[in-house]
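Just below is one structure, and these are the notes that go with it.
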Amino acid sequence: MKNNIHFFKQGEFINNQDILDKIGIRGRGAMELASLDLPILPGFIIDADVASHLDKESLKKYLEPQFKKIKEIKGKDFGNQDDPLLVKIVVSPNLAVVSYPTLHNYGLTRDTLNGFNKFVGEHFGYHEVQFLIKGNLEIELKIAELEGRKKDFDTIRKALGKLRRELSSSKSTTQEIINIDEYLALLPEGFFDDAYTQLELALKRISHMLNLDELDDDDTAILIQPMVYGNFGKDSSSGNYYTRNVVTGEQVLQGDFYQNEFDSIGASGKNITQIEPVYLKRLQTIAKTIEDHFKEIRYLRFTIENKNLWLIEQRAVVNKSTQADIKLLLELLNRKVIDNKYMIKAIKTEQLHEILHPVVNLQSTKKLHCLEGGISGAPGAAIGKIYFSTEDLIDAHKLALQYGEDTRFILCLSASFAEDVKAIEVAHGILSSEGGYAAHASVVARQYGKVSLVKNEMKIRGKKAIIGKTIIKEGDYITLNVPHYGDPQIFLGEAKLIEPDFHSSGLLEFINVIKTQITDFHVRANSDNPKDAELAKLFGADGIGLCRTEHMFFDEKRINVFREMIISDSGAERLKALSKLKPMQRSDFYKLFKIMIGKPVTIRLLDAPLHEFLPHNDSEMSDFVKFINPTKGKVRIPEKEIRARCETLDEFNPMLGHRGCRIAISYPEIYEMQVTALFEAVYSLQKEGINVQPEIMVPLIMNEQELKIIMYGKNIEGQSIRGLLDIEESVRLQMEAKKVDYKIGTMIELPCAALSAGEIARYAEFFSFGTNDLTQTTIGLSRDDFNNFMPDYTQFDILENNPFQMLNRNVKELISIAHQRGRMTRPNLKLGLCGEHGAIPENIRFCMETGLNYVSCSAFSIPIANLAIAQLNIEREEARA
């Protein structure tokens, strides 16, 4: 048996793998800390070969040599009456799922108790006796259960219940604690008489329990280690701390210490940084050693007994911020403790949501009424006064700016439409009741970095929202809390937020690390304004994959001009309105191209149904009528006529109606204006020496004939459509410029387009898969209505996942077919996916494996997508190694 006992201390440890396999999790942990030369308490381990077979052994002769070694370090004797050494027993299984009782204070006997009490006080000393008895009664209870002795089991359980109540009572007197004879009667005879006898009896009973326990497959060890006490006098203390600040990641110890206290229970602590400098320096050294070894923030407990500092415990930390993780890893990277790949693998993609968006300080919500649940549209947290229409929110925002008042607002609608984008941009968050993750409100919120919550049970009645029995009125403050994990919440009132700071959080440095592992598959941005484009570039976007030009027209200075163009009843009137819009478009494109210098920028020509731009309420209609007829008494178009023209544009199914490239066939002058403005911007920048890579995307193509006509034009029966190639050439010649390398492609968002990819690729130089619409048209589900019955489909396993988050297998098949057929026609065909599917790691894996070149997503999703790509690249590289 001598060869089955393994001693350890600071700097002395076992590294033989055969032995390590036999000393359990706790034993290996002790050896690991010993190998780091940390101030751990010395001890020894009885390995698994013999731990469950100690019944017939005489143990004292094996224990004495070990305690002699411990005395040389601790200066205390086991069994000494004046200053006894006490030990704990730790059962060390091979599996973390198995747990055993806490077993402390061995060595407390009739002979040693008074000596111990001299240092810690009689009351504390007898409490420790109770803890000793409690642990051993739990062992006896387990043995009685395993042996099927029900009567003994019930007796022990009843005694344990009484003992636990006494231990938890803060009012128990010393005399009550001393009354332990009834408990000792349930333990082996002689248990309280002698230190070595007590320890041997306990070890044998533990061994017997292990022998009986089916969970122990002769792979559980027993660890014995001294106890130390922070209440051993004025030169003693206990404490706990994190190796750094768990919120900010600042390299400052965070925790408390308790002077002359055993632990923190009922004690008043001081900040760990106020401990004596000699100890603080040692604790900082320990923290650095621990972080370098485990490569993460850890929680530590320590005890100082008679000026000797001992590390008692270290463990992983669950409640820490992503910022703290990133800060630590960046520091380790700078010191070359880790490399780029290690850091990239250490951060989970979902963690980045926390560092990209505000989070609610939950301490500030304790007095606020909370409404739980909903569908997360866009993660984060937002506070503001609630308004129930775009017009009311915009008006309130103007007044707040004018009078210097609070400009935080929450937009609350049943569902949002294109004309609501301007309010979403101004608001801090949007609360809606229709749709879900892929609803218009959610998609736009993610694009603009706003918070979105869908509350399907919410009813909007005029200027109030009703959720269950709660009524929220216009102007009320609410707080939206939409975590990436966990249920969303609405707090009635103002909470406090913790705002992200991209520059101080370490995020931007981490993005640079991520980019070292980005090779031939990239992330672009869905962006249609300079602010978004700047942010996307900061977050590591390799260009713009989707510029929704329709969003550019919703600016209040442009919308009525665009409406005027839509209702024009002649080509001449339409061209007049478009001439006003062209300088605006040219300026938009110029800014986007300049921001994304040297990177591809995909401009999607007008896609939305024309009716989306028209007035949707009396207030908007009134403003539009005044715009058309600005001079009082002079009516250019009567209001009745304006309303009639608007009504003619109504459609029964607009998302499959007059939209996308179909507008270009009916009104070719719209695309001509956009493409002219685009190339005027391109060639202006060329003259400035700026490298521009424009890509023109034609939306909603269903066959190659549509794309061919739009690219090359056509004349028939007195009507003509001017081709995009001709428009570019005209602008180039007019500006005396050298032709830039530009591409024309299409968005694949209809099943027939995917199946016709081979033919379409004869004209298209790139495909961008618009998976929001491709999902809708493939499986026949509306993204705005699906969530009304999605719970039923989930309950009956009809669909595996939300198809507007996780790509549906049939949609994947169409993408694969389009990839294969398109590349057969045009081998260098560029392929991308633009839609919020592109920010989901599982979808990114599919895109990479299928052979696409990029995904495009909202600015705040770019770091997440890039991290997923980097991790997949590392995974591939390691698989090949």
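Naming scheme: A, B, ... for chains in displayed order of the structure tokens; residues 1 onward per chain; ligands 1 onward as shown.
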Might you pull out every residue within 12 Å of Ala381 in chain A, with only C-alpha atoms counted and same-chain residues fewer than 5 positions away left off, and present them as a ChimeraX atom specification? /A:353-362,376,410,428-431,449-453,478-484,488-491,494-500
Could you write out that same residue set with N, CA, C and O atoms as a compact mmCIF listing (two decimals), in the first residue's frame?
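Result written to out_23.txt:
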# COMPACT_ATOMS: atom_id res chain seq x y z
N HIS A 353 -22.41 39.20 -28.79
CA HIS A 353 -23.64 40.00 -28.68
C HIS A 353 -23.56 40.92 -27.47
O HIS A 353 -24.01 42.06 -27.51
N GLU A 354 -23.00 40.40 -26.41
CA GLU A 354 -22.94 41.17 -25.15
C GLU A 354 -22.08 42.41 -25.29
O GLU A 354 -22.41 43.48 -24.76
N ILE A 355 -20.98 42.29 -26.03
CA ILE A 355 -20.03 43.40 -26.13
C ILE A 355 -20.42 44.39 -27.22
O ILE A 355 -19.92 45.50 -27.28
N LEU A 356 -21.34 43.98 -28.10
CA LEU A 356 -21.77 44.83 -29.20
C LEU A 356 -22.98 45.69 -28.86
O LEU A 356 -23.25 46.69 -29.53
N HIS A 357 -23.73 45.29 -27.85
CA HIS A 357 -24.99 45.97 -27.55
C HIS A 357 -25.05 46.37 -26.07
O HIS A 357 -24.38 45.76 -25.23
N PRO A 358 -25.86 47.38 -25.74
CA PRO A 358 -26.04 47.73 -24.33
C PRO A 358 -26.69 46.57 -23.58
O PRO A 358 -27.43 45.77 -24.17
N VAL A 359 -26.43 46.48 -22.30
CA VAL A 359 -27.09 45.49 -21.46
C VAL A 359 -27.71 46.20 -20.26
O VAL A 359 -27.22 47.25 -19.83
N VAL A 360 -28.78 45.64 -19.74
CA VAL A 360 -29.45 46.23 -18.58
C VAL A 360 -28.66 45.92 -17.31
O VAL A 360 -28.23 44.79 -17.09
N ASN A 361 -28.47 46.95 -16.51
CA ASN A 361 -27.92 46.75 -15.17
C ASN A 361 -29.06 46.25 -14.30
O ASN A 361 -29.93 47.01 -13.90
N LEU A 362 -29.08 44.94 -14.05
CA LEU A 362 -30.23 44.33 -13.36
C LEU A 362 -30.41 44.84 -11.94
O LEU A 362 -31.50 44.72 -11.38
N SER A 376 -36.98 37.51 -29.61
CA SER A 376 -35.85 38.43 -29.78
C SER A 376 -35.68 38.75 -31.26
O SER A 376 -35.36 37.88 -32.06
N ILE A 410 -39.01 54.72 -27.80
CA ILE A 410 -39.29 53.35 -28.24
C ILE A 410 -40.47 53.41 -29.20
O ILE A 410 -41.53 53.96 -28.86
N HIS A 428 -34.57 54.28 -30.08
CA HIS A 428 -33.57 53.41 -29.46
C HIS A 428 -33.97 51.95 -29.55
O HIS A 428 -33.12 51.07 -29.44
N GLY A 429 -35.27 51.70 -29.71
CA GLY A 429 -35.73 50.32 -29.82
C GLY A 429 -37.09 50.28 -30.46
O GLY A 429 -37.78 51.30 -30.58
N ILE A 430 -37.49 49.08 -30.89
CA ILE A 430 -38.81 48.92 -31.49
C ILE A 430 -39.50 47.71 -30.86
O ILE A 430 -38.90 46.63 -30.73
N LEU A 431 -40.74 47.91 -30.47
CA LEU A 431 -41.58 46.87 -29.89
C LEU A 431 -42.73 46.64 -30.85
O LEU A 431 -43.48 47.58 -31.18
N GLY A 449 -28.54 48.69 -35.70
CA GLY A 449 -28.01 48.51 -34.36
C GLY A 449 -28.99 48.88 -33.27
O GLY A 449 -28.59 49.28 -32.16
N LYS A 450 -30.29 48.75 -33.56
CA LYS A 450 -31.32 49.05 -32.57
C LYS A 450 -31.81 47.74 -31.93
O LYS A 450 -31.52 46.65 -32.40
N VAL A 451 -32.58 47.90 -30.87
CA VAL A 451 -33.12 46.74 -30.15
C VAL A 451 -34.52 46.45 -30.68
O VAL A 451 -35.30 47.39 -30.91
N SER A 452 -34.82 45.18 -30.88
CA SER A 452 -36.15 44.81 -31.37
C SER A 452 -36.71 43.65 -30.56
O SER A 452 -36.05 42.64 -30.36
N LEU A 453 -37.95 43.82 -30.11
CA LEU A 453 -38.66 42.78 -29.39
C LEU A 453 -40.04 42.60 -30.01
O LEU A 453 -40.77 43.58 -30.23
N ILE A 478 -40.40 52.87 -20.86
CA ILE A 478 -40.22 51.43 -20.72
C ILE A 478 -38.76 51.10 -21.00
O ILE A 478 -38.03 51.87 -21.64
N THR A 479 -38.33 49.94 -20.51
CA THR A 479 -36.99 49.44 -20.78
C THR A 479 -37.11 48.08 -21.46
O THR A 479 -37.75 47.17 -20.93
N LEU A 480 -36.52 47.95 -22.64
CA LEU A 480 -36.49 46.67 -23.35
C LEU A 480 -35.18 45.96 -23.03
O LEU A 480 -34.11 46.54 -23.19
N ASN A 481 -35.28 44.73 -22.59
CA ASN A 481 -34.09 43.91 -22.33
C ASN A 481 -34.20 42.66 -23.21
O ASN A 481 -35.03 41.80 -22.97
N VAL A 482 -33.36 42.61 -24.24
CA VAL A 482 -33.42 41.51 -25.21
C VAL A 482 -32.06 40.83 -25.25
O VAL A 482 -31.22 41.13 -26.10
N PRO A 483 -31.82 39.91 -24.32
CA PRO A 483 -30.52 39.23 -24.31
C PRO A 483 -30.44 38.20 -25.43
O PRO A 483 -31.47 37.72 -25.92
N HIS A 484 -29.22 37.88 -25.84
CA HIS A 484 -29.08 36.85 -26.87
C HIS A 484 -29.52 35.50 -26.31
O HIS A 484 -30.10 34.68 -27.02
N PRO A 488 -36.59 37.52 -23.25
CA PRO A 488 -36.65 38.99 -23.25
C PRO A 488 -37.55 39.50 -22.12
O PRO A 488 -38.39 38.77 -21.60
N GLN A 489 -37.36 40.76 -21.78
CA GLN A 489 -38.14 41.38 -20.71
C GLN A 489 -38.51 42.81 -21.09
O GLN A 489 -37.75 43.49 -21.78
N ILE A 490 -39.67 43.24 -20.61
CA ILE A 490 -40.05 44.65 -20.67
C ILE A 490 -40.19 45.13 -19.24
O ILE A 490 -40.99 44.58 -18.47
N PHE A 491 -39.42 46.13 -18.85
CA PHE A 491 -39.54 46.73 -17.53
C PHE A 491 -40.32 48.03 -17.68
O PHE A 491 -40.03 48.85 -18.57
N GLU A 494 -37.75 53.36 -16.08
CA GLU A 494 -36.37 53.54 -16.54
C GLU A 494 -35.40 52.69 -15.71
O GLU A 494 -35.25 52.91 -14.52
N ALA A 495 -34.76 51.76 -16.35
CA ALA A 495 -33.65 51.06 -15.73
C ALA A 495 -32.36 51.79 -16.10
O ALA A 495 -32.38 52.85 -16.73
N LYS A 496 -31.23 51.24 -15.73
CA LYS A 496 -29.94 51.79 -16.12
C LYS A 496 -29.25 50.81 -17.05
O LYS A 496 -29.39 49.59 -16.89
N LEU A 497 -28.52 51.34 -18.00
CA LEU A 497 -27.85 50.51 -18.98
C LEU A 497 -26.34 50.55 -18.80
O LEU A 497 -25.78 51.53 -18.32
N ILE A 498 -25.72 49.47 -19.22
CA ILE A 498 -24.27 49.43 -19.33
C ILE A 498 -23.98 49.50 -20.83
O ILE A 498 -24.28 48.57 -21.58
N GLU A 499 -23.45 50.62 -21.29
CA GLU A 499 -23.25 50.86 -22.72
C GLU A 499 -21.93 50.25 -23.19
O GLU A 499 -20.93 50.30 -22.48
N PRO A 500 -21.91 49.70 -24.41
CA PRO A 500 -20.65 49.17 -24.93
C PRO A 500 -19.73 50.30 -25.38
O PRO A 500 -20.19 51.36 -25.80
Could you pull the residues within 10 Å of Lys134 in chain A, counting only C-alpha atoms, minus those fewer than 4 positions along the same chain, as a VMD selection string? chain A and resid 101 to 104 128 to 130 138 to 140 159 to 161 163 to 164 167 183
Output the selection as a CSV table (one decimal), in the first residue's frame - all heavy atoms for each residue.
chain,number,residue,atom,x,y,z
A,101,PRO,N,-19.9,14.0,0.4
A,101,PRO,CA,-20.0,14.9,1.5
A,101,PRO,C,-18.8,15.7,1.8
A,101,PRO,O,-17.7,15.3,1.4
A,101,PRO,CB,-20.4,14.1,2.7
A,101,PRO,CG,-20.9,12.8,2.2
A,101,PRO,CD,-20.2,12.6,0.9
A,102,THR,N,-18.9,16.9,2.4
A,102,THR,CA,-17.8,17.7,2.8
A,102,THR,C,-17.3,17.1,4.2
A,102,THR,O,-18.1,17.0,5.1
A,102,THR,CB,-18.2,19.2,3.0
A,102,THR,OG1,-18.7,19.7,1.8
A,102,THR,CG2,-17.0,20.0,3.5
A,103,LEU,N,-16.0,16.8,4.2
A,103,LEU,CA,-15.5,16.1,5.4
A,103,LEU,C,-14.3,16.9,6.0
A,103,LEU,O,-13.2,16.8,5.4
A,103,LEU,CB,-15.0,14.7,5.0
A,103,LEU,CG,-16.1,13.8,4.3
A,103,LEU,CD1,-15.5,12.6,3.7
A,103,LEU,CD2,-17.2,13.4,5.3
A,104,HIS,N,-14.6,17.6,7.1
A,104,HIS,CA,-13.5,18.5,7.6
A,104,HIS,C,-13.3,18.2,9.1
A,104,HIS,O,-14.0,17.5,9.8
A,104,HIS,CB,-14.0,20.0,7.6
A,104,HIS,CG,-14.0,20.6,6.2
A,104,HIS,ND1,-14.5,21.8,5.9
A,104,HIS,CD2,-13.5,20.1,5.0
A,104,HIS,CE1,-14.4,22.1,4.6
A,104,HIS,NE2,-13.8,21.0,4.1
A,128,GLU,N,-17.2,23.4,15.0
A,128,GLU,CA,-16.3,22.6,14.1
A,128,GLU,C,-16.5,21.1,14.4
A,128,GLU,O,-16.4,20.2,13.5
A,128,GLU,CB,-14.9,23.0,14.2
A,128,GLU,CG,-14.6,24.4,13.6
A,128,GLU,CD,-15.0,24.5,12.2
A,128,GLU,OE1,-14.3,24.0,11.3
A,128,GLU,OE2,-16.1,25.1,11.9
A,129,VAL,N,-16.7,20.8,15.7
A,129,VAL,CA,-17.0,19.4,16.0
A,129,VAL,C,-18.3,18.9,15.4
A,129,VAL,O,-18.4,17.8,14.9
A,129,VAL,CB,-17.1,19.2,17.6
A,129,VAL,CG1,-17.6,17.8,18.0
A,129,VAL,CG2,-15.7,19.5,18.2
A,130,GLN,N,-19.3,19.8,15.4
A,130,GLN,CA,-20.6,19.5,14.8
A,130,GLN,C,-20.4,19.2,13.3
A,130,GLN,O,-21.0,18.3,12.7
A,130,GLN,CB,-21.6,20.6,15.0
A,130,GLN,CG,-22.2,20.6,16.4
A,130,GLN,CD,-23.3,21.7,16.5
A,130,GLN,OE1,-23.1,22.8,16.1
A,130,GLN,NE2,-24.4,21.3,17.1
A,138,GLU,N,-23.3,11.7,7.3
A,138,GLU,CA,-23.7,11.6,5.9
A,138,GLU,C,-23.0,10.4,5.3
A,138,GLU,O,-23.7,9.7,4.4
A,138,GLU,CB,-23.3,12.9,5.2
A,138,GLU,CG,-24.2,14.1,5.6
A,138,GLU,CD,-23.7,15.4,5.0
A,138,GLU,OE1,-22.5,15.5,4.6
A,138,GLU,OE2,-24.5,16.4,5.0
A,139,ILE,N,-21.8,10.0,5.6
A,139,ILE,CA,-21.2,8.8,5.1
A,139,ILE,C,-22.0,7.6,5.7
A,139,ILE,O,-22.3,6.7,4.9
A,139,ILE,CB,-19.7,8.7,5.6
A,139,ILE,CG1,-18.9,9.8,5.0
A,139,ILE,CG2,-19.1,7.4,5.2
A,139,ILE,CD1,-18.8,9.8,3.5
A,140,GLU,N,-22.3,7.6,6.9
A,140,GLU,CA,-23.1,6.5,7.5
A,140,GLU,C,-24.5,6.4,6.9
A,140,GLU,O,-25.0,5.3,6.7
A,140,GLU,CB,-23.2,6.7,9.0
A,140,GLU,CG,-21.9,6.6,9.8
A,140,GLU,CD,-21.2,5.2,9.7
A,140,GLU,OE1,-21.9,4.2,9.5
A,140,GLU,OE2,-20.0,5.2,9.6
A,159,ALA,N,-31.5,12.2,12.8
A,159,ALA,CA,-30.4,12.9,13.6
A,159,ALA,C,-29.7,14.0,12.7
A,159,ALA,O,-29.4,15.0,13.2
A,159,ALA,CB,-29.4,11.8,14.0
A,160,LEU,N,-29.5,13.6,11.5
A,160,LEU,CA,-28.8,14.6,10.6
A,160,LEU,C,-29.7,15.9,10.4
A,160,LEU,O,-29.2,17.0,10.4
A,160,LEU,CB,-28.6,14.0,9.2
A,160,LEU,CG,-27.2,13.5,8.9
A,160,LEU,CD1,-27.1,12.8,7.6
A,160,LEU,CD2,-26.2,14.7,9.0
A,161,GLY,N,-31.0,15.7,10.3
A,161,GLY,CA,-31.9,16.8,10.2
A,161,GLY,C,-31.8,17.7,11.4
A,161,GLY,O,-31.7,19.0,11.2
A,163,LEU,N,-29.3,17.9,13.5
A,163,LEU,CA,-27.9,18.5,13.5
A,163,LEU,C,-27.8,19.7,12.5
A,163,LEU,O,-27.2,20.7,12.8
A,163,LEU,CB,-26.9,17.5,13.2
A,163,LEU,CG,-25.4,17.9,13.2
A,163,LEU,CD1,-25.0,18.6,14.5
A,163,LEU,CD2,-24.5,16.7,13.0
A,164,ARG,N,-28.4,19.5,11.3
A,164,ARG,CA,-28.3,20.6,10.3
A,164,ARG,C,-29.1,21.8,10.8
A,164,ARG,O,-28.6,23.0,10.6
A,164,ARG,CB,-28.9,20.1,9.0
A,164,ARG,CG,-27.9,19.2,8.3
A,164,ARG,CD,-28.6,18.5,7.1
A,164,ARG,NE,-27.8,17.6,6.4
A,164,ARG,CZ,-28.2,16.5,5.7
A,164,ARG,NH1,-29.5,16.3,5.6
A,164,ARG,NH2,-27.3,15.8,5.1
A,167,LEU,N,-26.8,23.6,13.3
A,167,LEU,CA,-25.7,24.3,12.6
A,167,LEU,C,-26.2,25.5,11.9
A,167,LEU,O,-25.5,26.5,11.9
A,167,LEU,CB,-25.1,23.3,11.6
A,167,LEU,CG,-24.1,22.3,12.1
A,167,LEU,CD1,-23.8,21.3,11.0
A,167,LEU,CD2,-22.8,23.0,12.5
A,183,TYR,N,-25.3,12.0,18.8
A,183,TYR,CA,-24.8,11.8,17.5
A,183,TYR,C,-23.6,10.8,17.5
A,183,TYR,O,-23.5,10.0,16.5
A,183,TYR,CB,-24.3,13.2,16.9
A,183,TYR,CG,-25.4,14.2,16.9
A,183,TYR,CD1,-25.3,15.4,17.6
A,183,TYR,CD2,-26.6,14.0,16.2
A,183,TYR,CE1,-26.2,16.4,17.6
A,183,TYR,CE2,-27.6,14.9,16.2
A,183,TYR,CZ,-27.4,16.1,16.9
A,183,TYR,OH,-28.4,17.1,16.9
CA of Thr631 in chain A to CA of Thr390 in chain A: how many Å, to one decimal? 27.1 Å
Separation of CA of Asp181 in chain A from CA of His208 in chain A in Å: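 A separation of 24.1 Å between them.
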Would you please work out which residue, of A:Val675, A:Gly75, A:Arg821, A:Leu186, is nearest to Phe153 in chain A when using only C-alpha atoms?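 Of all the options, A:Leu186 lies closest to Phe153 in chain A.
Every protein or nucleic acid residue with an atom no more than 8 Å from range 218-225 of chain A, counting only C-alpha atoms and leaving out same-chain residues fewer than 2 positions away, appears here: A:Lys22, A:Ile23, A:Gly24, A:Arg26, A:Gly27, A:Leu41, A:Pro42, A:Gly43, A:Phe44, A:Ile45, A:Ile46, A:Asp47, A:Ala48, A:Asp49, A:Ala51, A:Ser52, A:Val87, A:Lys88, A:Ile89, A:Val90, A:Val91, A:Ser92, A:Pro93, A:Asn94, A:Leu210, A:Asn211, A:Asp216, A:Met227.
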Determine the nearest neighbour of Gly571 in chain A from the options A:Ala753, A:Gly660, A:Gly468, A:Ser666, counting only C-alpha atoms.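 Closest to Gly571 in chain A, using only C-alpha atoms: A:Ser666.
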